[in-house]
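Trainee: Got a structure for you, coords24.txt, holding compact mmCIF, C-alpha atoms and all ligand atoms.
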```txt
# COMPACT_ATOMS: atom_id res chain seq x y z
CA MET N 252 76.24 171.76 131.67
CA SER N 253 79.65 173.11 132.61
CA PHE N 254 82.61 173.50 130.27
CA ASN N 255 86.34 173.53 130.73
CA HIS N 256 86.86 177.06 129.42
CA SER N 257 90.32 176.48 128.03
CA ASP N 258 88.84 173.80 125.71
CA GLN N 259 85.71 175.70 124.84
CA LYS N 260 85.82 176.66 121.15
CA ARG N 261 85.39 180.35 120.39
CA VAL N 262 83.42 181.10 117.22
CA LEU N 263 82.88 184.40 115.41
CA ILE N 264 79.70 184.47 113.31
CA THR N 265 79.16 187.50 111.08
CA GLY N 266 75.60 188.29 110.05
CA ALA N 267 74.60 186.84 113.40
CA ALA N 268 71.28 188.71 113.51
CA GLY N 269 70.25 187.42 110.09
CA PHE N 270 68.17 184.40 109.18
CA LEU N 271 71.02 181.91 108.74
CA GLY N 272 73.48 183.60 111.12
CA SER N 273 71.06 183.43 114.04
CA HIS N 274 70.36 179.72 113.49
CA LEU N 275 74.12 179.10 113.37
CA CYS N 276 74.55 180.97 116.68
CA ASP N 277 71.96 178.64 118.23
CA ARG N 278 73.71 175.57 116.85
CA PHE N 279 77.21 176.49 118.03
CA ILE N 280 75.95 177.38 121.49
CA LYS N 281 74.23 173.98 121.59
CA GLU N 282 77.60 172.41 120.68
CA GLY N 283 79.15 174.02 123.78
CA CYS N 284 80.99 176.85 122.01
CA HIS N 285 81.43 180.47 123.02
CA VAL N 286 79.74 182.47 120.25
CA ILE N 287 80.63 186.03 119.28
CA GLY N 288 77.91 187.36 117.00
CA MET N 289 78.63 190.35 114.77
CA ASP N 290 76.15 192.36 112.72
CA ASN N 291 75.55 195.94 111.56
CA LEU N 292 71.78 195.31 111.42
CA ILE N 293 71.32 196.62 107.86
CA THR N 294 69.21 193.59 107.02
CA GLY N 295 69.46 191.59 110.28
CA SER N 296 67.12 191.93 113.25
CA MET N 297 67.81 191.82 116.99
CA ASN N 298 64.57 189.83 117.34
CA ASN N 299 66.44 186.85 115.89
CA ILE N 300 69.04 186.76 118.67
CA GLN N 301 67.45 188.42 121.69
CA HIS N 302 66.94 184.99 123.32
CA LEU N 303 70.75 184.56 123.35
CA PHE N 304 71.63 187.72 125.30
CA PRO N 305 71.04 186.20 128.77
CA LEU N 306 73.57 183.44 128.01
CA LYS N 307 77.16 183.83 129.16
CA GLU N 308 78.23 181.80 126.10
CA PHE N 309 77.06 184.62 123.82
CA GLU N 310 78.37 188.12 123.11
CA PHE N 311 77.28 190.57 120.45
CA TYR N 312 79.35 193.14 118.55
CA PHE N 313 77.47 195.81 116.60
CA HIS N 314 79.97 196.24 113.78
CA ASP N 315 80.27 196.63 110.01
CA VAL N 316 82.80 194.04 108.79
CA THR N 317 83.81 196.21 105.83
CA LYS N 318 85.70 198.26 108.46
CA PHE N 319 88.73 196.80 110.27
CA VAL N 320 87.53 193.95 112.52
CA HIS N 321 88.96 193.59 115.99
CA VAL N 322 88.03 190.73 118.30
CA PRO N 323 90.00 190.28 121.52
CA GLY N 324 91.13 186.82 122.60
CA ARG N 325 91.42 183.49 120.85
CA LEU N 326 89.23 182.48 117.90
CA ASP N 327 88.93 178.89 116.67
CA TYR N 328 86.36 179.36 113.90
CA ILE N 329 85.12 182.29 111.83
CA LEU N 330 81.90 181.89 109.81
CA HIS N 331 81.26 184.77 107.41
CA PHE N 332 77.50 185.02 106.87
CA ALA N 333 77.10 188.79 106.71
CA SER N 334 75.49 189.88 103.43
CA PRO N 335 72.21 191.11 102.03
CA ALA N 336 70.71 188.00 100.47
CA SER N 337 67.63 188.79 98.41
CA PRO N 338 67.26 190.36 94.96
CA ILE N 339 65.30 193.29 96.46
CA ASP N 340 68.15 193.99 98.90
CA TYR N 341 70.76 193.95 96.15
CA LEU N 342 68.75 196.56 94.23
CA LYS N 343 68.38 198.76 97.32
CA ILE N 344 71.93 198.45 98.65
CA PRO N 345 74.17 197.29 95.81
CA ILE N 346 77.39 198.92 97.05
CA GLN N 347 77.10 197.47 100.56
CA THR N 348 76.41 194.07 98.98
CA LEU N 349 79.64 194.30 96.97
CA LYS N 350 81.63 195.60 99.93
CA VAL N 351 80.60 192.98 102.48
CA GLY N 352 81.52 190.14 100.11
CA SER N 353 84.84 191.69 99.06
CA LEU N 354 86.28 194.11 101.66
CA GLY N 355 84.47 192.35 104.51
CA THR N 356 85.83 188.96 103.47
CA HIS N 357 89.35 190.39 103.18
CA ASN N 358 89.19 191.85 106.71
CA LEU N 359 87.90 188.58 108.14
CA LEU N 360 90.55 186.55 106.32
CA GLY N 361 93.16 188.81 107.89
CA LEU N 362 91.60 188.19 111.28
CA ALA N 363 91.51 184.41 110.67
CA LYS N 364 95.19 184.45 109.70
CA GLU N 365 96.12 186.44 112.80
CA LYS N 366 94.12 184.13 115.09
CA LYS N 367 94.97 180.91 113.20
CA ALA N 368 91.22 180.29 113.02
CA ARG N 369 89.41 178.00 110.58
CA PHE N 370 87.45 180.18 108.14
CA LEU N 371 84.14 179.22 106.50
CA ILE N 372 82.39 181.39 103.93
CA ALA N 373 78.74 181.43 102.93
CA SER N 374 78.88 181.19 99.17
CA THR N 375 75.79 180.59 97.12
CA SER N 376 74.12 178.85 94.19
CA GLU N 377 74.03 182.36 92.67
CA ILE N 378 77.64 181.87 91.63
CA TYR N 379 76.21 179.47 88.99
CA GLY N 380 74.09 182.38 87.64
CA ASP N 381 71.40 181.29 85.16
CA PRO N 382 72.90 177.82 84.83
CA ASN N 383 73.42 175.91 81.59
CA VAL N 384 74.17 172.73 83.54
CA HIS N 385 71.39 171.01 85.45
CA PRO N 386 71.51 170.00 88.28
CA GLN N 387 74.44 172.19 89.28
CA ASN N 388 77.55 170.38 90.51
CA GLU N 389 80.58 172.06 92.07
CA GLU N 390 82.66 171.64 88.90
CA TYR N 391 80.34 173.94 86.90
CA TRP N 392 81.77 177.48 86.59
CA GLY N 393 78.49 179.28 86.10
CA ASN N 394 76.78 181.73 83.77
CA VAL N 395 76.68 185.09 85.53
CA ASN N 396 75.92 188.54 84.09
CA PRO N 397 78.44 190.73 85.96
CA ILE N 398 76.60 194.00 85.23
CA GLY N 399 73.01 192.77 85.73
CA PRO N 400 70.95 193.44 88.89
CA ARG N 401 72.20 190.25 90.56
CA GLY N 402 75.81 190.91 89.52
CA VAL N 403 76.61 192.83 92.72
CA TYR N 404 75.80 189.76 94.80
CA ASP N 405 76.97 187.03 92.42
CA GLU N 406 80.32 188.64 91.64
CA ALA N 407 80.99 189.56 95.29
CA LYS N 408 80.42 185.92 96.20
CA ARG N 409 82.66 184.72 93.36
CA PHE N 410 85.39 187.09 94.53
CA MET N 411 84.81 185.79 98.07
CA GLU N 412 85.53 182.25 96.91
CA ALA N 413 88.61 183.39 94.96
CA ILE N 414 90.19 185.33 97.82
CA THR N 415 89.39 182.56 100.29
CA MET N 416 91.12 179.98 98.08
CA ALA N 417 94.06 182.38 97.67
CA TYR N 418 94.46 182.67 101.46
CA HIS N 419 94.32 178.90 101.65
CA THR N 420 96.91 178.42 98.91
CA TYR N 421 99.31 181.26 99.73
CA HIS N 422 98.96 181.54 103.51
CA GLY N 423 98.00 177.97 104.34
CA LEU N 424 94.81 179.21 106.01
CA ASP N 425 92.36 176.46 106.94
CA THR N 426 89.27 177.33 104.85
CA ARG N 427 85.83 175.95 103.92
CA ILE N 428 83.39 177.07 101.21
CA VAL N 429 79.70 176.22 101.35
CA ARG N 430 77.48 176.96 98.33
CA ILE N 431 74.05 177.52 99.78
CA PHE N 432 70.93 176.91 97.69
CA ASN N 433 67.49 178.41 98.45
CA THR N 434 66.80 177.94 102.14
CA TYR N 435 63.71 178.74 104.22
CA GLY N 436 62.38 178.53 107.73
CA PRO N 437 61.55 180.61 110.80
CA ARG N 438 63.29 184.04 111.06
CA MET N 439 63.16 184.75 107.34
CA ARG N 440 62.20 188.36 106.83
CA LEU N 441 58.57 188.66 105.79
CA ASN N 442 59.23 191.62 103.51
CA ASP N 443 62.53 190.69 101.87
CA GLY N 444 60.86 190.14 98.50
CA ARG N 445 61.72 186.46 98.26
CA ALA N 446 59.09 184.12 96.88
CA LEU N 447 58.39 182.14 100.06
CA PRO N 448 57.85 185.01 102.53
CA ALA N 449 56.02 187.00 99.84
CA PHE N 450 53.57 184.14 99.17
CA PHE N 451 52.95 183.55 102.89
CA ALA N 452 52.49 187.27 103.63
CA GLN N 453 50.08 187.61 100.69
CA ALA N 454 48.11 184.49 101.65
CA ILE N 455 47.82 185.47 105.32
CA SER N 456 46.93 189.12 104.72
CA GLY N 457 44.48 188.42 101.88
CA ASN N 458 46.38 189.75 98.88
CA ASP N 459 46.88 188.21 95.45
CA ILE N 460 49.79 185.77 95.17
CA THR N 461 52.36 187.36 92.83
CA VAL N 462 54.12 184.84 90.61
CA PHE N 463 56.79 186.38 88.39
CA GLY N 464 56.92 185.34 84.73
CA ASP N 465 54.80 182.29 83.88
CA GLY N 466 56.02 180.52 87.03
CA SER N 467 57.78 177.76 85.08
CA GLN N 468 61.18 178.67 86.57
CA THR N 469 62.31 176.17 89.18
CA ARG N 470 63.92 176.31 92.60
CA SER N 471 64.77 173.66 95.23
CA PHE N 472 64.04 174.70 98.81
CA CYS N 473 65.99 173.44 101.82
CA TYR N 474 64.74 173.67 105.40
CA VAL N 475 67.08 175.70 107.61
CA ASP N 476 67.84 172.93 110.15
CA ASP N 477 69.09 170.67 107.36
CA LEU N 478 71.28 173.47 106.01
CA VAL N 479 72.80 174.19 109.43
CA GLU N 480 73.62 170.50 109.88
CA GLY N 481 75.38 170.46 106.50
CA ILE N 482 77.39 173.58 107.34
CA TYR N 483 78.38 172.18 110.72
CA ARG N 484 79.58 168.93 109.13
CA LEU N 485 81.54 170.82 106.47
CA LEU N 486 83.27 172.97 109.08
CA MET N 487 84.26 169.86 111.04
CA SER N 488 85.50 168.06 107.90
CA ASP N 489 88.89 168.64 106.29
CA TYR N 490 87.52 169.40 102.80
CA VAL N 491 88.65 172.79 101.46
CA TYR N 492 86.88 172.93 98.07
CA PRO N 493 83.31 174.21 97.58
CA VAL N 494 80.43 171.96 98.64
CA ASN N 495 76.79 172.44 97.60
CA ILE N 496 74.33 172.28 100.46
CA GLY N 497 70.66 172.32 99.48
CA ASN N 498 67.62 170.16 98.96
CA PRO N 499 67.41 168.63 95.45
CA ASP N 500 63.60 168.43 95.61
CA GLU N 501 62.93 170.77 92.66
CA ILE N 502 59.61 172.53 92.03
CA THR N 503 58.29 175.20 89.66
CA ILE N 504 57.45 178.52 91.29
CA ARG N 505 53.84 178.17 90.11
CA GLU N 506 53.47 174.81 91.83
CA PHE N 507 55.18 176.24 94.89
CA ALA N 508 52.62 179.10 95.03
CA GLU N 509 49.85 176.50 94.72
CA GLU N 510 51.30 174.52 97.64
CA ILE N 511 51.24 177.63 99.82
CA ILE N 512 47.68 178.48 98.75
CA LYS N 513 46.61 174.96 99.74
CA LEU N 514 48.48 174.99 103.06
CA THR N 515 47.11 178.37 104.14
CA GLY N 516 43.60 177.70 102.82
CA THR N 517 43.49 181.21 101.34
CA ASP N 518 40.91 182.19 98.69
CA GLN N 519 43.47 184.39 96.98
CA LYS N 520 44.35 183.78 93.35
CA ILE N 521 47.70 183.79 91.57
CA VAL N 522 48.44 186.94 89.54
CA TYR N 523 51.33 186.95 87.08
CA LYS N 524 53.85 189.81 87.06
CA ASP N 525 56.90 190.54 84.89
CA LEU N 526 59.87 188.26 85.40
CA PRO N 527 62.79 190.23 86.89
CA LYS N 528 65.91 190.57 84.72
CA ASP N 529 68.39 187.66 84.87
CA ASP N 530 66.05 185.53 87.00
CA PRO N 531 67.56 182.00 86.80
CA LYS N 532 65.29 179.59 84.87
CA GLN N 533 66.21 176.54 86.89
CA ARG N 534 68.09 175.65 90.03
CA GLN N 535 68.75 172.30 91.67
CA PRO N 536 71.80 171.26 93.67
CA ASP N 537 73.79 168.16 92.86
CA ILE N 538 74.61 167.04 96.42
CA THR N 539 76.72 163.99 95.57
CA LYS N 540 79.75 165.62 97.20
CA ALA N 541 77.95 166.49 100.43
CA LYS N 542 76.62 162.91 100.58
CA ASN N 543 80.01 161.30 99.95
CA ILE N 544 82.26 163.63 101.93
CA LEU N 545 80.00 164.73 104.78
CA GLY N 546 77.51 161.86 104.92
CA TRP N 547 74.87 164.58 104.69
CA GLU N 548 71.51 164.80 102.98
CA PRO N 549 68.38 166.79 103.82
CA LYS N 550 65.84 165.15 106.13
CA VAL N 551 62.97 167.62 106.35
CA THR N 552 60.36 167.36 103.59
CA ARG N 553 58.89 170.52 102.07
CA SER N 554 55.46 169.82 103.57
CA GLU N 555 56.97 169.48 107.09
CA GLY N 556 59.18 172.55 106.71
CA LEU N 557 56.44 174.71 105.23
CA LYS N 558 54.07 173.90 108.12
CA ILE N 559 56.65 175.07 110.70
CA THR N 560 57.40 178.19 108.67
CA TYR N 561 53.69 178.99 108.26
CA ASP N 562 53.19 178.86 112.04
CA TYR N 563 56.14 181.21 112.49
CA PHE N 564 54.81 183.77 109.98
CA LYS N 565 51.30 183.62 111.45
CA ASN N 566 52.72 184.46 114.89
CA ILE N 567 54.85 187.29 113.57
CA LEU N 568 51.90 188.87 111.79
CA LYS N 569 49.71 188.48 114.89
CA LYS N 570 52.35 190.29 116.98
CA GLU N 571 52.61 193.08 114.39
CA GLU N 572 48.81 193.54 114.45
CA LYS N 573 48.89 193.86 118.26
CA VAL N 574 51.57 196.57 118.06
CA MET N 575 49.61 198.58 115.46
N1 LIG Q 1 59.17 185.19 92.76
C1 LIG Q 1 57.83 185.25 92.47
N2 LIG Q 1 57.03 186.07 93.23
C2 LIG Q 1 57.50 186.83 94.26
C3 LIG Q 1 58.87 186.75 94.56
C4 LIG Q 1 59.68 185.93 93.79
O1 LIG Q 1 57.35 184.57 91.55
O2 LIG Q 1 56.70 187.57 94.87
C5 LIG Q 1 60.03 184.30 91.95
C6 LIG Q 1 61.38 184.89 91.54
O3 LIG Q 1 61.26 185.65 90.36
C7 LIG Q 1 62.20 183.63 91.35
C8 LIG Q 1 61.62 182.66 92.38
O4 LIG Q 1 60.34 183.16 92.73
O5 LIG Q 1 62.00 183.08 90.08
C9 LIG Q 1 62.46 182.54 93.64
O6 LIG Q 1 62.72 183.83 94.10
P1 LIG Q 1 63.52 184.14 95.42
O7 LIG Q 1 63.69 185.63 95.46
O8 LIG Q 1 62.87 183.48 96.56
O9 LIG Q 1 64.93 183.44 95.23
P2 LIG Q 1 66.06 183.47 94.08
O10 LIG Q 1 65.49 184.00 92.78
O11 LIG Q 1 67.16 184.32 94.60
O12 LIG Q 1 66.40 182.04 93.98
```
Go ahead and render the structure in this file as structure tokens.
Ligand code: UDP

Mentor:
Amino acid sequence: MSFNHSDQKRVLITGAAGFLGSHLCDRFIKEGCHVIGMDNLITGSMNNIQHLFPLKEFEFYFHDVTKFVHVPGRLDYILHFASPASPIDYLKIPIQTLKVGSLGTHNLLGLAKEKKARFLIASTSEIYGDPNVHPQNEEYWGNVNPIGPRGVYDEAKRFMEAITMAYHTYHGLDTRIVRIFNTYGPRMRLNDGRALPAFFAQAISGNDITVFGDGSQTRSFCYVDDLVEGIYRLLMSDYVYPVNIGNPDEITIREFAEEIIKLTGTDQKIVYKDLPKDDPKQRQPDITKAKNILGWEPKVTRSEGLKITYDYFKNILKKEEKVM
């Protein structure tokens, strides 16, 4: 396929080497865009984007967005997806987590203003904290502990929404806010401490499946392709207020562990560990807005998505065994 280069959209994606960032790079290249990926590789991995390096539509900048960001040439869209994104990461690198959501967002807003680019931020269901409203709709303001272990992530993301709205209101910047609920799929990090990779890693390598608390807490897991479609539609829409993107199919963590045990055929048993502090008791997106405004809803069932993800993790572990 050949493109008229003056019409080709130029997109900056931060966190490009991460789980979601790398899938977004793939999608925008597929849409005929020129993609500039940026990452400092604190939690991202070059393995996620190495297939893109031979393409002339892709460039990569090794850069920390909390420092001044310079990108030569025109930019049409900026998608800010750089951030640690699992509770274990926030505990290990709390200051970087705060900085990328606050200082990093400020730098990128400045860049968007300079380039007159449309700016989309990756916000999160974590801004609802341990929610008192169920399912969570965009009008709910949340129940966040600012000084708890998740506070560094939750508050950075809340600030990110606030400063993005301020740039929209005061500078007329064209902005979009997506609130992302639990998402899974290939390229998730096996050791990031999240429930899904932890359960798969444990099942495949023959360790006990660690469920935290009594496993009655709920989550709603969205397959990554569905999420990317929702984000793409939001970016192309003209809606500037936050939109939830996630799969409303809610499940308890205990049942989720049982599903993975069944899928993998492991003999391992569930063991119960302490529930981490401020672990939300329930989480389910109200996606009425996404349905009405974007005509979007998830298509991939959990059993389909989990099968694909299982194959991916099996391959990764096989490769790691070969290296060792
Ligand atoms: N969890 C668990 N075992 C693990 C890792 C996580 O039971 O080995 C629980 C965790 O306490 C939470 C749920 O699974 O209640 C989802 O955790 P995850 O880190 O995937 O996402 P988040 O809590 O950020 O939604």

Trainee: Env of N:Arg261: 8 Å cut, atoms = all atoms listed in the file, seq-sep filter 2 positions within chain, self excluded. Answer as JSON, numbers by chain.

Mentor: {"N": [259, 263, 284, 285, 286, 287, 325, 326, 327, 328]}

Trainee: Give me, as a PyMOL selection string, all polymer residues having an atom no more than 12 Å from N:Glu480, counting only C-alpha atoms and skipping those fewer than 4 positions away in the same chain.

Mentor: chain N and resi 271+274-275+277-279+282+429+473-476+484-487+496-497+541+545-551

Trainee: Dig up all the protein and nucleic acid residues within 10 Å of (80.4, 192.3, 110.7) in the file frame, using all atoms listed in the file, and format them as a PyMOL selection string.

Mentor: chain N and resi 263-267+288-292+312-320+331-334+351+355-356+358-359

Trainee: Give me the residues of chain N that have any atom at most 9 Å from an atom of ligand LIG 1 (chain Q); for each, the nearest atom pair and the distance in Å, rounded to one decimal. Use only C-alpha atoms and all ligand atoms, sort by chain and number, and format it as JSON lines.

Mentor:
```
{"residue": "N:Ala336", "atom": "CA", "partner": "Q:LIG1", "partner_atom": "O11", "distance": 7.8}
{"residue": "N:Ser337", "atom": "CA", "partner": "Q:LIG1", "partner_atom": "O7", "distance": 5.8}
{"residue": "N:Pro338", "atom": "CA", "partner": "Q:LIG1", "partner_atom": "O7", "distance": 5.9}
{"residue": "N:Ile339", "atom": "CA", "partner": "Q:LIG1", "partner_atom": "O7", "distance": 7.9}
{"residue": "N:Ser376", "atom": "CA", "partner": "Q:LIG1", "partner_atom": "O12", "distance": 8.4}
{"residue": "N:Glu377", "atom": "CA", "partner": "Q:LIG1", "partner_atom": "O11", "distance": 7.4}
{"residue": "N:Arg401", "atom": "CA", "partner": "Q:LIG1", "partner_atom": "O11", "distance": 8.8}
{"residue": "N:Phe432", "atom": "CA", "partner": "Q:LIG1", "partner_atom": "O12", "distance": 7.8}
{"residue": "N:Asn433", "atom": "CA", "partner": "Q:LIG1", "partner_atom": "O12", "distance": 5.9}
{"residue": "N:Thr434", "atom": "CA", "partner": "Q:LIG1", "partner_atom": "O8", "distance": 8.8}
{"residue": "N:Asp443", "atom": "CA", "partner": "Q:LIG1", "partner_atom": "O7", "distance": 8.2}
{"residue": "N:Gly444", "atom": "CA", "partner": "Q:LIG1", "partner_atom": "C3", "distance": 5.6}
{"residue": "N:Arg445", "atom": "CA", "partner": "Q:LIG1", "partner_atom": "O7", "distance": 3.5}
{"residue": "N:Ala446", "atom": "CA", "partner": "Q:LIG1", "partner_atom": "C3", "distance": 3.5}
{"residue": "N:Leu447", "atom": "CA", "partner": "Q:LIG1", "partner_atom": "O8", "distance": 5.8}
{"residue": "N:Pro448", "atom": "CA", "partner": "Q:LIG1", "partner_atom": "O8", "distance": 7.9}
{"residue": "N:Ala449", "atom": "CA", "partner": "Q:LIG1", "partner_atom": "O2", "distance": 5.0}
{"residue": "N:Phe450", "atom": "CA", "partner": "Q:LIG1", "partner_atom": "O2", "distance": 6.3}
{"residue": "N:Gln453", "atom": "CA", "partner": "Q:LIG1", "partner_atom": "O2", "distance": 8.8}
{"residue": "N:Ile460", "atom": "CA", "partner": "Q:LIG1", "partner_atom": "O2", "distance": 7.1}
{"residue": "N:Thr461", "atom": "CA", "partner": "Q:LIG1", "partner_atom": "O2", "distance": 4.8}
{"residue": "N:Val462", "atom": "CA", "partner": "Q:LIG1", "partner_atom": "O1", "distance": 3.4}
{"residue": "N:Phe463", "atom": "CA", "partner": "Q:LIG1", "partner_atom": "O1", "distance": 3.7}
{"residue": "N:Gly464", "atom": "CA", "partner": "Q:LIG1", "partner_atom": "O1", "distance": 6.9}
{"residue": "N:Asp465", "atom": "CA", "partner": "Q:LIG1", "partner_atom": "O1", "distance": 8.4}
{"residue": "N:Gly466", "atom": "CA", "partner": "Q:LIG1", "partner_atom": "O1", "distance": 6.2}
{"residue": "N:Ser467", "atom": "CA", "partner": "Q:LIG1", "partner_atom": "O5", "distance": 8.4}
{"residue": "N:Gln468", "atom": "CA", "partner": "Q:LIG1", "partner_atom": "O5", "distance": 5.7}
{"residue": "N:Thr469", "atom": "CA", "partner": "Q:LIG1", "partner_atom": "O5", "distance": 7.0}
{"residue": "N:Arg470", "atom": "CA", "partner": "Q:LIG1", "partner_atom": "O12", "distance": 6.4}
{"residue": "N:Ser471", "atom": "CA", "partner": "Q:LIG1", "partner_atom": "O12", "distance": 8.6}
{"residue": "N:Thr503", "atom": "CA", "partner": "Q:LIG1", "partner_atom": "C8", "distance": 8.6}
{"residue": "N:Ile504", "atom": "CA", "partner": "Q:LIG1", "partner_atom": "O4", "distance": 5.7}
{"residue": "N:Arg505", "atom": "CA", "partner": "Q:LIG1", "partner_atom": "O1", "distance": 7.4}
{"residue": "N:Phe507", "atom": "CA", "partner": "Q:LIG1", "partner_atom": "O4", "distance": 8.9}
{"residue": "N:Ala508", "atom": "CA", "partner": "Q:LIG1", "partner_atom": "O1", "distance": 8.0}
{"residue": "N:Tyr523", "atom": "CA", "partner": "Q:LIG1", "partner_atom": "O1", "distance": 7.9}
{"residue": "N:Lys524", "atom": "CA", "partner": "Q:LIG1", "partner_atom": "O1", "distance": 7.7}
{"residue": "N:Asp525", "atom": "CA", "partner": "Q:LIG1", "partner_atom": "O3", "distance": 8.5}
{"residue": "N:Leu526", "atom": "CA", "partner": "Q:LIG1", "partner_atom": "O3", "distance": 5.8}
{"residue": "N:Pro527", "atom": "CA", "partner": "Q:LIG1", "partner_atom": "O3", "distance": 5.9}
{"residue": "N:Lys528", "atom": "CA", "partner": "Q:LIG1", "partner_atom": "O3", "distance": 8.8}
{"residue": "N:Asp530", "atom": "CA", "partner": "Q:LIG1", "partner_atom": "O5", "distance": 5.6}
{"residue": "N:Pro531", "atom": "CA", "partner": "Q:LIG1", "partner_atom": "O5", "distance": 6.5}
{"residue": "N:Lys532", "atom": "CA", "partner": "Q:LIG1", "partner_atom": "O5", "distance": 7.1}
{"residue": "N:Gln533", "atom": "CA", "partner": "Q:LIG1", "partner_atom": "O5", "distance": 8.4}
{"residue": "N:Arg534", "atom": "CA", "partner": "Q:LIG1", "partner_atom": "O12", "distance": 7.7}
```

Trainee: Please indicate the distance in Å from atom CA of N:Ile482 to atom CA of N:Gly272, rounded to one decimal place.

Mentor: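 Taking atom CA of N:Ile482 and atom CA of N:Gly272, their separation equals 11.4 Å.
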
Trainee: Which residues, written as a list in words, have at least one atom at most 8 Å from N:Asp425, with only C-alpha atoms counted and residues fewer than 2 positions away on the same chain left out?

Mentor: Ala368, Arg369, Phe370, His419, Gly423, Arg427 and Val491 of chain N

Trainee: Considering only C-alpha atoms, return as a list in words whatever protein or nucleic-acid residues lie within 9 Å of N:Arg409, sequence-local ones (same chain, fewer than 2 positions apart) excluded.

Mentor: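 Listing them by chain and then by number gives Gly352, Ser374, Thr375, Glu377, Ile378, Tyr404, Asp405, Glu406, Ala407, Met411, Glu412, Ala413 and Ile414 of chain N.
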
Trainee: I need the residue nearest N:Met439 from this list: N:Ala452, N:Val322, N:Asp477, N:Lys570. Use all atoms listed in the file for the distance.

Mentor: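 Using all atoms listed in the file, the shortest distance to N:Met439 belongs to N:Ala452.
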
Trainee: Atom CA of N:Glu506 and atom CA of N:Gly481 are how many Å apart?

Mentor: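 Distance between the two atoms: 26.7 Å.
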
Trainee: What is the atom CA of N:Pro536 to atom CA of N:Pro499 distance in Å?

Mentor: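 Those two atoms sit 5.4 Å apart.
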
Trainee: Excluding N:Tyr561 and residues on its chain fewer than 2 positions from it, collect all residues at most 9 Å away from it, counting only C-alpha atoms, and give them as a list in words.

Mentor: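 These residues fall inside the cut-off: Gly436, Pro437, Phe451, Ile511, Leu514, Thr515, Gly556, Leu557, Lys558, Ile559, Tyr563, Phe564, Lys565 and Asn566 of chain N.
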
Trainee: Could you write out the selected residues, including C-alpha atoms, as a PDB file, keeping the file's coordinate frame?

Mentor:
```
ATOM      1  CA  GLY N 436      62.380 178.530 107.730  1.00  0.00           C
ATOM      2  CA  PRO N 437      61.550 180.610 110.800  1.00  0.00           C
ATOM      3  CA  PHE N 451      52.950 183.550 102.890  1.00  0.00           C
ATOM      4  CA  ILE N 511      51.240 177.630  99.820  1.00  0.00           C
ATOM      5  CA  LEU N 514      48.480 174.990 103.060  1.00  0.00           C
ATOM      6  CA  THR N 515      47.110 178.370 104.140  1.00  0.00           C
ATOM      7  CA  GLY N 556      59.180 172.550 106.710  1.00  0.00           C
ATOM      8  CA  LEU N 557      56.440 174.710 105.230  1.00  0.00           C
ATOM      9  CA  LYS N 558      54.070 173.900 108.120  1.00  0.00           C
ATOM     10  CA  ILE N 559      56.650 175.070 110.700  1.00  0.00           C
ATOM     11  CA  TYR N 563      56.140 181.210 112.490  1.00  0.00           C
ATOM     12  CA  PHE N 564      54.810 183.770 109.980  1.00  0.00           C
ATOM     13  CA  LYS N 565      51.300 183.620 111.450  1.00  0.00           C
ATOM     14  CA  ASN N 566      52.720 184.460 114.890  1.00  0.00           C
TER      15      ASN N 566
END
```

Trainee: With distances taken over all atoms listed in the file, which of N:Pro382, N:Tyr391, N:Arg438, N:Ile293 is nearest to N:Gln347?

Mentor: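 Of N:Pro382, N:Tyr391, N:Arg438, N:Ile293, the one nearest N:Gln347 is N:Ile293, counting all atoms listed in the file.
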